[in-house]
file target-v2.cif (mmCIF, C-alpha atoms)
data_upload
#
loop_
_atom_site.label_atom_id
_atom_site.label_comp_id
_atom_site.auth_asym_id
_atom_site.auth_seq_id
_atom_site.Cartn_x
_atom_site.Cartn_y
_atom_site.Cartn_z
CA MET N 1 -104.50 146.02 33.89
CA SER N 2 -106.03 145.53 30.47
CA ARG N 3 -108.78 143.24 31.72
CA THR N 4 -110.19 145.48 34.38
CA THR N 5 -113.60 145.34 32.74
CA THR N 6 -114.49 142.20 34.70
CA ALA N 7 -112.07 142.64 37.60
CA SER N 8 -113.59 143.44 40.96
CA GLY N 9 -112.79 143.20 44.62
CA THR N 10 -109.38 144.86 44.75
CA PRO N 11 -110.23 146.31 48.22
CA VAL N 12 -110.92 142.77 49.44
CA ILE N 13 -107.49 141.62 48.26
CA ILE N 14 -105.88 144.59 49.97
CA VAL N 15 -107.73 143.88 53.21
CA THR N 16 -106.59 140.24 53.23
CA LEU N 17 -103.03 141.42 52.63
CA LEU N 18 -103.29 143.91 55.50
CA VAL N 19 -104.51 141.12 57.77
CA ALA N 20 -101.54 139.04 56.65
CA ALA N 21 -99.24 142.00 57.41
CA TRP N 22 -100.83 142.27 60.84
CA LEU N 23 -100.11 138.58 61.47
CA GLU N 24 -96.50 139.17 60.39
CA VAL N 25 -95.83 141.66 63.17
CA LEU N 26 -98.11 140.28 65.89
CA PRO N 27 -95.94 139.76 68.98
CA LEU N 28 -95.09 136.11 69.59
CA PRO N 29 -92.99 134.40 72.26
CA ASP N 30 -89.34 134.08 71.26
CA VAL N 31 -89.49 130.30 71.08
CA ILE N 32 -92.05 130.18 68.27
CA GLU N 33 -90.70 133.24 66.50
CA TYR N 34 -88.73 130.98 64.18
CA PHE N 35 -91.92 129.18 63.18
CA ARG N 36 -93.92 132.26 62.23
CA PRO N 37 -95.37 131.54 58.80
CA GLU N 38 -94.70 133.99 55.99
CA TRP N 39 -98.33 135.11 55.93
CA LEU N 40 -97.91 137.75 53.24
CA ALA N 41 -96.19 135.29 50.92
CA VAL N 42 -98.90 132.68 51.58
CA ALA N 43 -101.64 135.20 50.78
CA MET N 44 -99.83 136.31 47.63
CA VAL N 45 -99.42 132.69 46.46
CA TYR N 46 -103.14 132.16 46.93
CA TRP N 47 -104.17 135.31 45.05
CA THR N 48 -101.72 134.53 42.25
CA ILE N 49 -103.04 131.06 41.57
CA ALA N 50 -106.63 132.21 42.02
CA LEU N 51 -106.40 135.30 39.80
CA PRO N 52 -103.28 134.84 37.65
CA HIS N 53 -104.54 137.33 35.06
CA ARG N 54 -104.68 140.11 37.65
CA ILE N 55 -102.09 139.40 40.29
CA GLY N 56 -98.64 139.45 38.73
CA VAL N 57 -95.09 140.42 39.48
CA VAL N 58 -95.94 144.11 39.85
CA TRP N 59 -98.34 143.26 42.65
CA GLY N 60 -95.66 140.96 44.07
CA ALA N 61 -93.02 143.67 44.02
CA SER N 62 -95.38 146.25 45.57
CA VAL N 63 -96.47 143.94 48.36
CA GLY N 64 -92.84 142.95 48.94
CA LEU N 65 -91.84 146.60 49.16
CA PHE N 66 -94.62 147.16 51.67
CA GLN N 67 -93.27 144.22 53.68
CA ASP N 68 -89.80 145.75 53.55
CA VAL N 69 -91.04 148.96 55.11
CA LEU N 70 -93.16 147.04 57.60
CA LEU N 71 -90.24 144.95 58.83
CA GLY N 72 -87.60 147.66 58.41
CA THR N 73 -85.43 145.56 56.12
CA VAL N 74 -83.42 146.82 53.16
CA LEU N 75 -85.85 148.13 50.55
CA GLY N 76 -86.08 145.51 47.83
CA GLN N 77 -85.27 142.49 49.99
CA HIS N 78 -88.78 141.13 50.29
CA ALA N 79 -89.78 142.84 47.04
CA LEU N 80 -87.32 140.63 45.21
CA ALA N 81 -88.38 137.50 47.08
CA MET N 82 -92.05 138.18 46.53
CA THR N 83 -91.47 138.87 42.83
CA LEU N 84 -89.81 135.47 42.48
CA VAL N 85 -92.62 133.74 44.34
CA VAL N 86 -95.35 135.37 42.29
CA PHE N 87 -93.49 134.72 39.07
CA ILE N 88 -93.07 131.01 39.78
CA ALA N 89 -96.63 130.69 41.08
CA GLN N 90 -97.99 132.45 38.02
CA SER N 91 -96.12 130.22 35.62
CA SER N 92 -97.36 127.06 37.32
CA TYR N 93 -100.85 128.02 38.45
CA LYS N 94 -102.55 125.54 36.10
CA ARG N 95 -100.71 122.64 37.68
CA MET N 96 -101.13 124.08 41.18
CA ARG N 97 -104.88 124.20 40.84
CA VAL N 98 -105.27 120.47 40.07
CA PHE N 99 -102.85 119.28 42.72
CA PRO N 100 -104.35 117.67 45.81
CA LEU N 101 -103.85 119.77 48.94
CA PRO N 102 -100.83 117.89 50.39
CA GLN N 103 -99.02 118.30 47.10
CA GLN N 104 -100.01 121.97 47.02
CA SER N 105 -98.51 122.33 50.48
CA ALA N 106 -95.26 120.84 49.21
CA VAL N 107 -95.18 123.35 46.36
CA VAL N 108 -95.93 126.17 48.80
CA PHE N 109 -93.02 124.97 50.94
CA MET N 110 -90.71 125.18 47.95
CA LEU N 111 -92.05 128.56 46.84
CA ILE N 112 -91.70 130.11 50.25
CA GLY N 113 -88.36 128.37 50.69
CA VAL N 114 -87.18 130.22 47.58
CA ALA N 115 -88.55 133.47 49.01
CA VAL N 116 -86.93 132.95 52.40
CA ILE N 117 -83.55 131.99 51.00
CA SER N 118 -83.39 134.82 48.47
CA SER N 119 -84.44 137.31 51.11
CA TYR N 120 -81.82 135.80 53.43
CA LEU N 121 -79.14 136.29 50.77
CA ILE N 122 -79.99 139.97 50.43
CA GLN N 123 -80.05 140.33 54.18
CA GLY N 124 -76.56 138.82 54.11
CA ILE N 125 -75.44 141.49 51.62
CA ALA N 126 -76.78 144.09 54.02
CA GLY N 127 -74.78 142.38 56.77
CA ARG N 128 -77.79 141.49 58.89
CA ALA N 129 -77.92 137.70 58.57
CA HIS N 130 -76.14 135.60 61.15
CA LEU N 131 -78.44 132.68 61.88
CA PRO N 132 -77.99 129.51 59.82
CA PRO N 133 -80.17 129.60 56.66
CA LEU N 134 -81.76 126.26 57.55
CA ALA N 135 -83.31 127.91 60.62
CA MET N 136 -84.99 130.35 58.25
CA LEU N 137 -86.59 127.44 56.39
CA LEU N 138 -88.61 126.59 59.51
CA SER N 139 -90.97 129.43 58.64
CA ALA N 140 -91.40 127.97 55.14
CA LEU N 141 -92.30 124.68 56.79
CA THR N 142 -95.00 126.22 58.97
CA SER N 143 -96.25 128.22 55.99
CA ALA N 144 -96.80 124.90 54.21
CA VAL N 145 -98.59 123.50 57.25
CA PHE N 146 -100.84 126.56 57.44
CA TRP N 147 -101.46 126.52 53.69
CA ARG N 148 -104.61 124.42 53.96
CA PRO N 149 -106.53 126.64 56.43
CA ALA N 150 -105.25 129.79 54.73
CA PHE N 151 -106.35 128.42 51.37
CA SER N 152 -109.85 127.56 52.62
CA LEU N 153 -110.25 130.92 54.33
CA LEU N 154 -109.05 132.92 51.35
CA ARG N 155 -111.20 130.90 48.92
CA TRP N 156 -114.22 131.48 51.14
CA THR N 157 -113.40 135.20 51.19
CA ARG N 158 -112.97 135.28 47.43
CA ARG N 159 -116.33 133.57 46.83
CA GLN N 160 -118.13 135.57 49.48
CA PHE N 161 -117.04 138.91 48.06
CA LEU N 162 -117.09 137.81 44.41
CA VAL N 163 -113.48 138.75 43.74
CA ARG N 164 -112.71 138.06 40.10
CA MET P 165 -87.43 143.81 34.59
CA VAL P 166 -89.08 143.97 37.99
CA LEU P 167 -86.16 141.99 39.40
CA VAL P 168 -83.72 144.59 38.09
CA VAL P 169 -85.75 147.32 39.76
CA CYS P 170 -85.67 145.39 43.03
CA ILE P 171 -81.91 144.83 42.90
CA THR P 172 -81.32 148.48 42.06
CA LEU P 173 -83.48 149.41 45.00
CA VAL P 174 -81.43 147.21 47.32
CA PHE P 175 -78.23 148.96 46.34
CA LEU P 176 -79.76 152.42 46.40
CA ASP P 177 -81.05 151.81 49.89
CA LEU P 178 -77.79 150.32 51.13
CA ARG P 179 -75.46 152.94 49.68
CA THR P 180 -77.49 156.13 49.46
CA SER P 181 -80.35 157.87 51.18
CA TRP P 182 -82.29 158.61 48.00
CA VAL P 183 -85.10 156.17 48.56
CA GLY P 184 -85.96 157.19 52.10
CA TRP P 185 -89.19 158.78 50.88
CA ILE P 186 -90.59 155.32 50.00
CA ARG P 187 -90.02 154.24 53.57
CA TYR P 188 -91.55 157.43 54.93
CA GLY P 189 -94.60 157.31 52.63
CA ALA P 190 -95.37 153.66 53.23
CA GLY P 191 -94.72 154.34 56.91
CA TYR P 192 -98.19 155.83 57.28
CA VAL P 193 -99.68 152.38 56.56
CA THR P 194 -97.04 150.15 58.15
CA ASP P 195 -96.92 152.19 61.36
CA ALA P 196 -100.69 151.82 61.60
CA VAL P 197 -100.30 148.04 61.20
CA HIS P 198 -97.79 148.05 64.05
CA TYR P 199 -100.23 150.00 66.22
CA VAL P 200 -103.01 147.51 65.46
CA ALA P 201 -100.69 144.58 66.20
CA HIS P 202 -99.97 146.17 69.57
CA LEU P 203 -103.70 146.48 70.39
CA PRO P 204 -104.20 143.00 71.91
CA SER P 205 -101.53 143.56 74.53
CA THR P 206 -102.80 147.10 75.22
CA MET P 207 -106.26 145.68 75.77
CA GLY P 208 -104.83 142.96 77.99
CA THR P 209 -103.14 145.58 80.15
CA TRP P 210 -106.33 147.64 80.24
CA VAL P 211 -108.47 144.68 81.28
CA GLY P 212 -105.86 143.77 83.88
CA ALA P 213 -105.95 147.32 85.23
CA GLN P 214 -109.76 147.33 85.35
CA ALA P 215 -109.87 144.02 87.16
CA ARG P 216 -107.63 145.08 90.03
CA THR P 217 -109.10 145.37 93.49
CA THR P 218 -108.91 148.42 95.71
CA GLU P 219 -106.70 146.48 98.05
CA ASP P 220 -104.18 145.81 95.31
CA LEU P 221 -104.15 149.45 94.41
CA ARG P 222 -103.69 150.48 98.03
CA ASP P 223 -100.77 148.06 98.39
CA ASP P 224 -99.25 149.39 95.21
CA ASN P 225 -99.69 152.93 96.37
CA GLN P 226 -97.95 152.21 99.65
CA ARG P 227 -95.10 150.46 97.93
CA LEU P 228 -94.64 153.33 95.49
CA ASP P 229 -94.79 155.84 98.31
CA ARG P 230 -91.98 154.02 100.10
CA GLN P 231 -89.99 153.80 96.89
CA LEU P 232 -90.51 157.50 96.24
CA LEU P 233 -89.24 158.34 99.70
CA ILE P 234 -86.07 156.33 99.17
CA LEU P 235 -85.50 157.79 95.72
CA GLN P 236 -86.10 161.33 96.94
CA GLN P 237 -83.56 160.81 99.65
CA LYS P 238 -81.07 159.58 97.05
CA ALA P 239 -81.91 162.53 94.80
CA GLN P 240 -81.12 164.94 97.63
CA ARG P 241 -77.64 163.54 97.89
CA LEU P 242 -77.38 163.58 94.12
CA ALA P 243 -78.00 167.32 93.97
CA VAL P 244 -75.14 167.93 96.41
CA LEU P 245 -72.85 165.57 94.54
CA GLU P 246 -73.69 167.15 91.23
CA ALA P 247 -72.92 170.62 92.52
CA GLU P 248 -69.65 169.35 93.91
CA ASN P 249 -68.86 167.64 90.62
CA VAL P 250 -69.49 170.85 88.67
CA ARG P 251 -67.24 172.77 91.07
CA LEU P 252 -64.45 170.24 90.70
CA ARG P 253 -64.80 170.28 86.94
CA GLU P 254 -64.57 174.02 86.97
CA LEU P 255 -61.39 173.71 89.00
CA LEU P 256 -60.05 171.30 86.39
CA ASN P 257 -61.15 173.60 83.59
CA SER P 258 -63.16 170.89 81.86
CA SER P 259 -66.65 171.42 80.54
CA ALA P 260 -69.58 170.78 82.84
CA ARG P 261 -71.49 167.59 82.37
CA LEU P 262 -74.99 168.43 81.29
CA ASP P 263 -78.07 166.74 82.59
CA ALA P 264 -79.99 165.41 79.63
CA ARG P 265 -83.74 165.73 79.36
CA VAL P 266 -85.66 162.56 78.55
CA PHE P 267 -89.13 161.79 77.31
CA VAL P 268 -91.09 158.59 77.46
CA ALA P 269 -92.18 156.39 74.55
CA GLU P 270 -94.10 153.14 74.51
CA ILE P 271 -92.85 149.98 72.82
CA ILE P 272 -95.44 148.94 70.25
CA GLY P 273 -93.64 146.14 68.49
CA VAL P 274 -90.70 143.76 68.57
CA GLU P 275 -88.91 142.78 65.38
CA PRO P 276 -90.20 139.34 64.35
CA ASP P 277 -87.03 138.41 62.45
CA PRO P 278 -84.70 136.57 64.87
CA ASN P 279 -81.72 137.81 62.81
CA ARG P 280 -82.28 141.34 63.99
CA GLN P 281 -82.72 142.86 67.42
CA GLU P 282 -85.02 145.82 66.96
CA LEU P 283 -88.04 147.48 68.53
CA MET P 284 -90.80 149.79 67.35
CA ILE P 285 -91.80 152.72 69.55
CA ASN P 286 -94.85 154.95 69.33
CA LYS P 287 -93.03 158.22 68.65
CA GLY P 288 -92.37 159.42 65.13
CA SER P 289 -91.06 162.46 63.32
CA GLY P 290 -93.91 164.53 64.77
CA ASP P 291 -92.49 164.05 68.26
CA SER P 292 -89.02 165.44 67.40
CA VAL P 293 -87.46 161.99 67.32
CA PHE P 294 -84.29 161.94 65.24
CA ASN P 295 -81.93 159.37 63.82
CA GLY P 296 -79.23 158.27 66.21
CA GLN P 297 -81.12 159.36 69.32
CA ALA P 298 -80.20 157.33 72.40
CA VAL P 299 -82.89 155.11 73.94
CA LEU P 300 -82.80 154.04 77.59
CA ASP P 301 -84.94 152.25 80.08
CA ALA P 302 -84.95 152.64 83.84
CA SER P 303 -81.86 150.49 84.31
CA GLY P 304 -79.66 151.07 81.31
CA LEU P 305 -79.05 151.81 77.68
CA ILE P 306 -81.30 150.02 75.17
CA GLY P 307 -80.08 151.28 71.81
CA GLN P 308 -80.53 154.03 69.28
CA ILE P 309 -83.12 155.21 66.77
CA THR P 310 -82.30 154.03 63.27
CA GLN P 311 -85.47 154.85 61.32
CA VAL P 312 -87.95 157.59 61.98
CA GLY P 313 -91.39 157.04 60.48
CA PRO P 314 -94.32 159.41 60.46
CA LEU P 315 -96.04 157.75 63.45
CA ALA P 316 -93.50 155.31 64.86
CA SER P 317 -89.75 154.77 64.94
CA ARG P 318 -87.42 151.82 64.89
CA VAL P 319 -84.85 151.25 67.62
CA LEU P 320 -81.68 149.26 66.98
CA LEU P 321 -80.83 147.44 70.21
CA VAL P 322 -77.34 147.23 71.65
CA THR P 323 -77.66 143.44 71.36
CA ASP P 324 -78.00 143.52 67.55
CA ALA P 325 -75.11 141.89 65.71
CA THR P 326 -74.41 145.10 63.79
CA HIS P 327 -74.28 147.34 66.83
CA ALA P 328 -71.13 148.51 68.60
CA LEU P 329 -70.42 151.28 71.07
CA SER P 330 -67.60 152.62 73.15
CA VAL P 331 -67.82 151.75 76.85
CA GLN P 332 -65.63 151.90 79.89
CA VAL P 333 -65.42 149.88 83.06
CA ASN P 334 -66.98 151.99 85.78
CA ARG P 335 -64.57 150.71 88.42
CA SER P 336 -61.23 151.08 86.66
CA GLY P 337 -61.93 153.34 83.68
CA THR P 338 -60.65 150.76 81.14
CA ARG P 339 -62.15 151.58 77.76
CA SER P 340 -63.25 149.05 75.19
CA ILE P 341 -65.77 148.42 72.42
CA LEU P 342 -68.98 146.61 73.26
CA VAL P 343 -70.62 144.75 70.38
CA GLY P 344 -73.92 142.92 70.15
CA THR P 345 -74.07 139.24 69.29
CA GLY P 346 -77.62 138.94 68.02
CA HIS P 347 -78.70 137.14 71.19
CA PRO P 348 -81.03 139.15 73.38
CA ASP P 349 -78.97 138.72 76.55
CA ARG P 350 -75.36 138.53 75.41
CA LEU P 351 -72.85 141.22 74.49
CA ARG P 352 -69.12 140.93 73.85
CA LEU P 353 -66.15 143.21 74.49
CA LEU P 354 -63.64 143.53 71.67
CA TYR P 355 -59.88 143.94 71.88
CA VAL P 356 -59.45 143.76 75.62
CA PRO P 357 -55.74 143.30 76.30
CA ASP P 358 -54.67 140.39 78.52
CA THR P 359 -53.56 142.77 81.21
CA ALA P 360 -56.71 144.90 81.36
CA ASP P 361 -58.27 145.48 84.75
CA ILE P 362 -61.62 143.82 84.25
CA THR P 363 -63.42 141.16 86.26
CA GLU P 364 -66.81 139.53 86.51
CA GLY P 365 -69.51 141.82 87.82
CA ASP P 366 -67.93 145.01 86.50
CA LEU P 367 -70.38 147.64 85.31
CA LEU P 368 -69.81 148.99 81.81
CA VAL P 369 -70.98 152.56 81.15
CA THR P 370 -71.08 154.67 78.02
CA THR P 371 -68.12 156.96 77.39
CA GLY P 372 -69.80 159.37 75.00
CA LEU P 373 -66.80 159.03 72.69
CA GLY P 374 -68.81 158.05 69.64
CA LYS P 375 -70.83 161.28 69.94
CA ARG P 376 -73.93 159.08 69.61
CA TYR P 377 -74.67 158.27 73.21
CA PRO P 378 -74.46 160.60 76.17
CA ALA P 379 -71.71 159.64 78.60
CA GLY P 380 -72.20 157.83 81.87
CA TYR P 381 -75.22 155.60 81.29
CA PRO P 382 -74.92 151.96 82.38
CA VAL P 383 -74.99 149.48 79.50
CA ALA P 384 -73.94 146.03 80.64
CA ILE P 385 -72.50 143.91 83.40
CA VAL P 386 -69.55 141.63 82.74
CA VAL P 387 -70.58 138.00 83.28
CA ALA P 388 -67.52 136.08 82.13
CA VAL P 389 -63.86 136.88 81.56
CA GLN P 390 -61.86 134.16 79.90
CA GLN P 391 -58.18 134.13 79.17
CA GLU P 392 -57.38 131.90 76.25
CA PRO P 393 -53.72 130.86 76.11
CA GLY P 394 -52.03 131.98 72.91
CA LYS P 395 -54.47 134.76 72.22
CA ALA P 396 -53.63 138.42 72.59
CA PHE P 397 -57.05 139.47 73.83
CA LEU P 398 -59.34 138.39 76.63
CA SER P 399 -62.75 137.09 75.69
CA VAL P 400 -65.23 139.04 77.77
CA ASP P 401 -68.98 138.37 77.82
CA ALA P 402 -71.49 140.80 79.25
CA ARG P 403 -75.21 141.04 79.65
CA PRO P 404 -77.24 144.23 79.18
CA THR P 405 -78.44 145.94 82.36
CA ALA P 406 -81.59 147.20 80.64
CA HIS P 407 -84.59 144.88 80.81
CA ILE P 408 -84.94 144.89 77.07
CA ASP P 409 -87.38 142.00 76.87
CA ARG P 410 -89.46 143.08 79.85
CA SER P 411 -89.88 146.83 79.73
CA SER P 412 -92.93 148.29 78.02
CA HIS P 413 -91.79 151.90 78.08
CA VAL P 414 -88.49 153.44 77.09
CA LEU P 415 -86.87 156.85 77.56
CA LEU P 416 -85.59 158.93 74.68
CA VAL P 417 -82.71 161.24 75.50
CA ALA P 418 -83.20 164.72 74.11
CA PRO P 419 -79.98 166.64 73.69
CA THR P 420 -79.97 169.77 75.80
CA ALA P 421 -79.87 173.16 74.11
CA ALA P 422 -76.37 173.81 75.45
CA ARG P 423 -75.06 170.57 73.99
CA ARG P 424 -76.67 171.26 70.63
CA SER P 425 -75.14 174.71 70.42
CA ALA P 426 -71.79 173.31 71.51
CA GLU P 427 -71.98 170.76 68.71
CA ALA P 428 -73.00 173.42 66.24
CA ARG P 429 -70.06 175.58 67.33
CA ALA P 430 -67.67 172.67 67.08
CA SER P 431 -68.79 171.76 63.59
CA ALA P 432 -68.86 175.40 62.50
CA SER P 433 -65.31 176.11 63.60
CA ASP P 434 -64.34 172.76 62.05
CA GLU P 435 -61.98 171.87 64.86
CA PRO P 436 -63.90 169.77 67.36
CA THR P 437 -62.56 170.35 70.83
CA ALA P 438 -62.33 167.08 72.68
CA ALA P 439 -63.71 168.53 75.88
CA THR P 440 -67.02 169.77 74.45
CA ASN P 441 -67.77 166.78 72.30
CA GLU P 442 -66.91 164.08 74.73
CA GLU P 443 -68.65 165.82 77.57
CA GLY P 444 -65.51 165.92 79.62
CA GLY P 445 -62.71 163.45 79.17
CA ILE P 446 -61.79 163.28 82.84
CA GLN P 447 -63.84 160.90 84.88
#
call {"tool": "encode", "arguments": {"input": "target-v2.cif", "output": "structure tokens"}}
result
Amino acid sequence: MSRTTTASGTPVIIVTLLVAAWLEVLPLPDVIEYFRPEWLAVAMVYWTIALPHRIGVVWGASVGLFQDVLLGTVLGQHALAMTLVVFIAQSSYKRMRVFPLPQQSAVVFMLIGVAVISSYLIQGIAGRAHLPPLAMLLSALTSAVFWRPAFSLLRWTRRQFLVR
Amino acid sequence: MVLVVCITLVFLDLRTSWVGWIRYGAGYVTDAVHYVAHLPSTMGTWVGAQARTTEDLRDDNQRLDRQLLILQQKAQRLAVLEAENVRLRELLNSSARLDARVFVAEIIGVEPDPNRQELMINKGSGDSVFNGQAVLDASGLIGQITQVGPLASRVLLVTDATHALSVQVNRSGTRSILVGTGHPDRLRLLYVPDTADITEGDLLVTTGLGKRYPAGYPVAIVVAVQQEPGKAFLSVDARPTAHIDRSSHVLLVAPTAARRSAEARASASDEPTAATNEEGGIQ
């Protein structure tokens, strides 16, 4: 954090991430469980492309580790996935920012698809994956659908609380 | 660099218990998130309870009174049977079956990942919960504790694809291994020989052989027995007797002091006696 002189609003980022974590474990009926968006990954993608100089892979790995403990998965499963997501988002944030929203959604689908599949692979190593991987991609699909409202909400939050 | 750390972490967590402190430390925050996620349903229950009429409550009370009467009557017979059972076991020189104490925990979360069948309960390390503790509900075995956090614990359900336990058919005493399939209402029996005495509707109970679960708790009911020509084993499907998806409270089985000391003795003398550990082999 060499540029912390102008950085502000870390608590706000943490609160949005906690809300995302809350949405991750909120009880849902079994039928729509497959469609639960990856809220934490969506929030991390937003913060990465909004503040690429602050939010990097270390944030990604920490949030992923937090998600691992939250969901009781193997430590490092979501940390790895989130690191990949943040890394890719960080290296393409300039393009992401000028994309129109539908195209952004498509990129988010791919990003979260990468996250879901890599996390699925590690779950497979741990012997806990038995559903077809394509079923896992459904959550990436809904994440892309929910990208637009999540983006608007997070941008509003960022402007409201002057997070830089 | 970060990726290497992550991959190392995966292997450390899978193969060793060195990184448990991360889980425990972060548990203070994640358990709180689970509690908050449970709030809406708690509030729903509370509002529902506040909105009930006196008449409803009176009806409930009457119904529970009747139920209590019936259960008390059954319990009376149970006491006699238990005494008789102990006497017979003494005659047979096998160890007495011990009545386990239980305490109640509330379910505060269900695992969102459909790959895994797990629950969160509101008892943590402060409530003397331990790894491997058996979890029941009113009608059968639910699973076992796999992670103990500071405020909450994680329960691996018997229906999880990685779960297996030793069971026996209550009617005939045939033993087998019951494994989860990953579906919330389906279990499978492994390696049941073609000639085994097992039919639809049979109750499967724990044997206590794995030293994990206490013996004699109902687990599942056989729903389908299929003989496939050319195969050495029957394919047997069962469904759990516990209302895993409907219950809001579970029971944790606390090992009795006698059982703990018996286990300590057995491990100290380094020659586990079958009778003490399996809580009596003769059924």
call {"tool": "interface_residues", "arguments": {"input": "target-v2.cif", "of": "chain N", "to": "chain P", "cutoff": "9 Å", "atoms": "all atoms listed in the file", "output": "ChimeraX atom specification"}}
result
/N:18-19,21-28,30,33-34,36,57-58,61,65-72,74-80,83-84,122,126-131
call {"tool": "resolve_selection", "arguments": {"input": "target-v2.cif", "expression": "the PyMOL selection byres ((chain N and resi 101) around 12)", "output": "JSON, numbers by chain"}}
result
{"N": [96, 97, 98, 99, 100, 102, 103, 104, 105, 106, 107, 108, 144, 145, 146, 147, 148, 149, 150, 151, 152]}
call {"tool": "residues_around", "arguments": {"input": "target-v2.cif", "residues": "Ala81 (chain N)", "least_positions_apart": "3", "cutoff": "9 Å", "atoms": "all atoms listed in the file", "output": "VMD selection string"}}
result
chain N and resid 41 60 to 61 64 76 to 78 84 to 86 112 114 to 119
call {"tool": "atom_distance", "arguments": {"input": "target-v2.cif", "atom1": "CA of Ala140 (chain N)", "atom2": "CA of Arg158 (chain N)"}}
result
24.0 Å
call {"tool": "resolve_selection", "arguments": {"input": "target-v2.cif", "expression": "the PyMOL selection byres ((chain P and resi 330) around 7)", "output": "PyMOL selection string"}}
result
chain P and resi 329+331+340-342+370-371+373-374
call {"tool": "write_last_selection", "arguments": {"input": "target-v2.cif", "atoms": "C-alpha atoms", "output": "JSON list (two decimals), keeping the file's coordinate frame"}}
result
[["chain", "number", "residue", "atom", "x", "y", "z"],
["P", 329, "LEU", "CA", -70.42, 151.28, 71.07],
["P", 331, "VAL", "CA", -67.82, 151.75, 76.85],
["P", 340, "SER", "CA", -63.25, 149.05, 75.19],
["P", 341, "ILE", "CA", -65.77, 148.42, 72.42],
["P", 342, "LEU", "CA", -68.98, 146.61, 73.26],
["P", 370, "THR", "CA", -71.08, 154.67, 78.02],
["P", 371, "THR", "CA", -68.12, 156.96, 77.39],
["P", 373, "LEU", "CA", -66.80, 159.03, 72.69],
["P", 374, "GLY", "CA", -68.81, 158.05, 69.64]]
call {"tool": "residues_around", "arguments": {"input": "target-v2.cif", "residues": "region 386-400 of chain P", "least_positions_apart": "5", "cutoff": "9 Å", "atoms": "only C-alpha atoms", "output": "list of chain:residue names"}}
result
P:Leu351, P:Arg352, P:Leu353, P:Leu354, P:Tyr355, P:Val356, P:Pro357, P:Asp358, P:Thr359, P:Ala360, P:Ile362, P:Thr363, P:Glu364, P:Gly365, P:Asp366, P:Leu367, P:Leu368
call {"tool": "atom_distance", "arguments": {"input": "target-v2.cif", "atom1": "CA of Ser336 (chain P)", "atom2": "CA of Val369 (chain P)"}}
result
11.3 Å
call {"tool": "atom_distance", "arguments": {"input": "target-v2.cif", "atom1": "CA of His347 (chain P)", "atom2": "CA of Val268 (chain P)"}}
result
25.6 Å
call {"tool": "residues_around", "arguments": {"input": "target-v2.cif", "residues": "Ala302 (chain P)", "least_positions_apart": "5", "cutoff": "9 Å", "atoms": "all atoms listed in the file", "output": "MDAnalysis selection string"}}
result
chainID P and resid 406:407 411 413:415
call {"tool": "write_last_selection", "arguments": {"input": "target-v2.cif", "atoms": "C-alpha atoms", "output": "JSON list (two decimals), in the coordinates of the input"}}
result
[["chain", "number", "residue", "atom", "x", "y", "z"],
["P", 406, "ALA", "CA", -81.59, 147.20, 80.64],
["P", 407, "HIS", "CA", -84.59, 144.88, 80.81],
["P", 411, "SER", "CA", -89.88, 146.83, 79.73],
["P", 413, "HIS", "CA", -91.79, 151.90, 78.08],
["P", 414, "VAL", "CA", -88.49, 153.44, 77.09],
["P", 415, "LEU", "CA", -86.87, 156.85, 77.56]]
call {"tool": "closest_residue", "arguments": {"input": "target-v2.cif", "among": "N:Thr48, N:Val163, N:Thr73, N:Val42", "to": "Ile125 (chain N)", "atoms": "only C-alpha atoms"}}
result
N:Thr73
call {"tool": "resolve_selection", "arguments": {"input": "target-v2.cif", "expression": "the PyMOL selection byres ((chain N and resi 90) around 10)", "output": "PyMOL selection string"}}
result
chain N and resi 45+47-53+55-57+84-89+91-94+96
call {"tool": "axis_aligned_box", "arguments": {"input": "target-v2.cif", "around": "region 11-18 of chain N", "padding_each_side": "6 Å", "output": "JSON"}}
result
{"center_x": -107.0, "center_y": 143.3, "center_z": 51.9, "size_x": 19.9, "size_y": 18.1, "size_z": 19.3}
call {"tool": "residues_around", "arguments": {"input": "target-v2.cif", "residues": "Pro133 (chain N)", "least_positions_apart": "3", "cutoff": "8 Å", "atoms": "all atoms listed in the file", "output": "ChimeraX atom specification"}}
result
/N:117,120,136-137
